[in-house]
Amino acid sequence: VVLAAPLAAQNAATLDPMTNDKVASYDWVRPEADYVRREVMIPMRDGKKLFTVIVFRKGTTDGPMLLSRSPYNATGHTSRNRSQKIEEVLAVMDAPFVNDGYIRVYQDVRGLAKSEGDYVMTRPLRGPLNKTKVDHATDAYDTIDWLVKNVKESNGKVGIIGSSYLGFTSLMALIDPHPALKAAVPQSPMVDGWIGDDWFHNGAFRTFGFDYDLGQTVEKGGGEVPKGTGDEYTAYLGGGSAGEFAKRWGIDQLPSVRKPLEHPAYDSFWQGQAVDKLLAARKLTVPTLVMLGQWDQEDSYGAPAVFKAVKAAQPDAPITLGIGPWRHSGANYEGSSLGPLKFEGDTALQFRLNWIKPFLDCRVKSNPQPCQPMPAAVTYATGTNRWETDAKWPAGSEMPLYLAGNGGLSWAKPAAGSDDYVSDPAKPVPFLPRPVNMGGDAWRTWLVQDQRFVDGRPDVLSYTSDVLTKPVHIKGAPRVDLRAATTGQDSDWVVKLIDVYPEENSANATMAGYELGIGIEIFRGRYVHGFSTPAPLEPGKTYSFGWSLPNVNHVFLPGHKIMVQVQSSLFPLYDRNPQTWVPSIMWAKPGDYKKATQTVRWGGSEASAVYLPVVAN
Ligand code: PG9
């Protein structure tokens, strides 16, 4: 204990009653701790120092280092509990590593928590968007360089791992990597904030970012937007456009809020930051296991996009795609269930022990076992509940499942027809049953929410197959081709691919008739001609709106049905489309929001379909 009081008071046999009770610090890591915890400031090439915590079991020698570069506080990552046991101090996912001689390293990214420098959210790579000399590639390089020279207990080999933002920093470390970086495990990485990760999906803005921005970028007073604890559906509806909502809560001037508001389309700001494009433009030399959860509510796009882009540019690239039955970052938590879904055992632990650990061990340990050849993809087949490997991904071949008459779905193209509904921006379709709270468990599991809560709404079309007599197994990203028209000049389109469980199941009543989303994704109509060329839609004209649903490995079982739902909003996760033409939806005025009649065409020459990546069983 370091006493702040004068020395005279400390040395007195009995303390003066008026001794200052405040002390400057207390070292909660006691001598009996079974680990060493070292805090260091690592210098970067521009002179800024980054706060880094190094933790390993006492007695570790020749240990490989496992690095994570985080915006979520290195101190917190290394003090889960203030315990003298290393397994209690670090995250649960770290235990097998430190119990096997690894040295765990967490660093605060530049500008956050105890690190020096400016914080630029998902700081772009040096180049047109970043004229400084530093980025996450150089910071990772300089960090690794320092670690291998200064951590005498290490063997000089480094692996990098982390989820979401930490997945993004793991990917950035692969650009001009340090030679000591031997393997990377980016989990649920943020890759392209516009096409399908945190800020937008296919042009529709995710209001969820507002709470994140205020929580991450403000020194004093940061946290959630103070909109109260009520229904966020009501709060956002009353707030008007995303820009007006930001103004109303005084966050419109936060740089991290202004940037997406100023760049609603896929312009050079977003294109220049897209990590899949950055990686595909150079050779991937570091073996990489890029992975995500099948129901990733934050970054469903990034990991498969990196895999696809890198493989297209470099077919023999040392990269594997992993997909498990998890939520965002779920690989690092308990994985035997998700919402009401149950799997075979703790699938997250299985993946960590059977894939991540061996993948790293053979690359970063001293005198390791030889590495086993990695498949292109390791994925968990939901429905049949088993792990599978594939030599290519997507593993399935496209088969169109056509929307048809009488709310049907058909493998054969039907004769032409159409269905209409009225989309009213004053009554958008909720993405979760109300009251909506975009936090906690409801947020984490919204993609597996039973979709019966909107089935039957007059502004939601549901198309259902006959009861399946054989399994339909899909492996890849289902692709939507929606032939549709609106009486408005702009429109959002949402397609949900759903597994409908049998109506009767007394053994598990929750799942009886359950409508499980296998892929739910939105597309903003103004981008029908290209993501960087928004244009008004011609009222009444039928367009082909095309986009992809998330990558999955799923088996629709016999006795189940396949359903496709079509609607025009997912509120308040996505801002509302006014359905009239405005240059930027961010600043649409109340009078711009108008009802529109939506026409979905099927069959004949305008055959709407979801192309399923089907594998033969
Ligand atoms: N999805 C979060 C995020 C990543 C990158 C930027 C902003 C947000 C995360 O969970 O870290």
# chains A, B, ... in the order shown; residues from 1 in each chain; ligands from 1
call {"tool": "select_by_dssp", "arguments": {"residues": "segment 400-530 of chain A", "states": "strand (DSSP E)", "output": "VMD selection string"}}
result
chain A and resid 400 to 404 408 to 410 417 to 423 461 to 464 472 to 476 479 to 486 492 to 500 515 to 524
call {"tool": "residues_near_ligand", "arguments": {"ligand": "ligand 1", "cutoff": "9 Å", "atoms": "only C-alpha atoms and all ligand atoms", "output": "PyMOL selection string"}}
result
chain A and resi 70-72+121-122+163-168+188-191+193+197-199+209+212-213+216+297-299+328-329
call {"tool": "select_by_dssp", "arguments": {"residues": "segment 493-547 of chain A", "states": "helix (DSSP H, G or I)", "output": "VMD selection string"}}
result
chain A and resid 506 to 511 525 to 527
call {"tool": "write_last_selection", "arguments": {"atoms": "C-alpha atoms", "output": "PDB file, in the first residue's frame"}}
result
ATOM      1  CA  SER A 506     -44.949 -31.438 -27.247  1.00  0.00           C
ATOM      2  CA  ALA A 507     -41.400 -32.364 -26.151  1.00  0.00           C
ATOM      3  CA  ASN A 508     -40.191 -28.833 -26.913  1.00  0.00           C
ATOM      4  CA  ALA A 509     -43.259 -26.632 -27.179  1.00  0.00           C
ATOM      5  CA  THR A 510     -41.247 -23.426 -27.777  1.00  0.00           C
ATOM      6  CA  MET A 511     -40.047 -24.818 -31.068  1.00  0.00           C
ATOM      7  CA  GLY A 525     -33.533   0.351 -53.299  1.00  0.00           C
ATOM      8  CA  ARG A 526     -31.759   3.554 -54.373  1.00  0.00           C
ATOM      9  CA  TYR A 527     -28.585   1.465 -54.829  1.00  0.00           C
TER      10      TYR A 527
END
call {"tool": "closest_residue", "arguments": {"among": "A:Pro458, A:Pro583, A:Pro287, A:Gly47", "to": "Val158 of chain A", "atoms": "only C-alpha atoms"}}
result
A:Pro287
call {"tool": "closest_residue", "arguments": {"among": "A:Met438, A:Ala512, A:Val614, A:Val422", "to": "Ala596 of chain A", "atoms": "only C-alpha atoms"}}
result
A:Val422
call {"tool": "closest_residue", "arguments": {"among": "A:Val494, A:Ala242, A:Ala274, A:Leu125", "to": "Glu262 of chain A", "atoms": "only C-alpha atoms"}}
result
A:Ala242
call {"tool": "closest_residue", "arguments": {"among": "A:Asp211, A:Glu521, A:Asp231, A:Asp390", "to": "Gly546 of chain A", "atoms": "only C-alpha atoms"}}
result
A:Glu521
call {"tool": "atom_distance", "arguments": {"atom1": "atom CA of Ser532 of chain A", "atom2": "atom CA of Arg123 of chain A"}}
result
21.6 Å
call {"tool": "closest_residue", "arguments": {"among": "A:Ile520, A:Ala74, A:Ile474, A:Ala404", "to": "Gly603 of chain A", "atoms": "only C-alpha atoms"}}
result
A:Ala404
call {"tool": "atom_distance", "arguments": {"atom1": "atom CA of Ile54 of chain A", "atom2": "atom CA of Ile103 of chain A"}}
result
6.9 Å
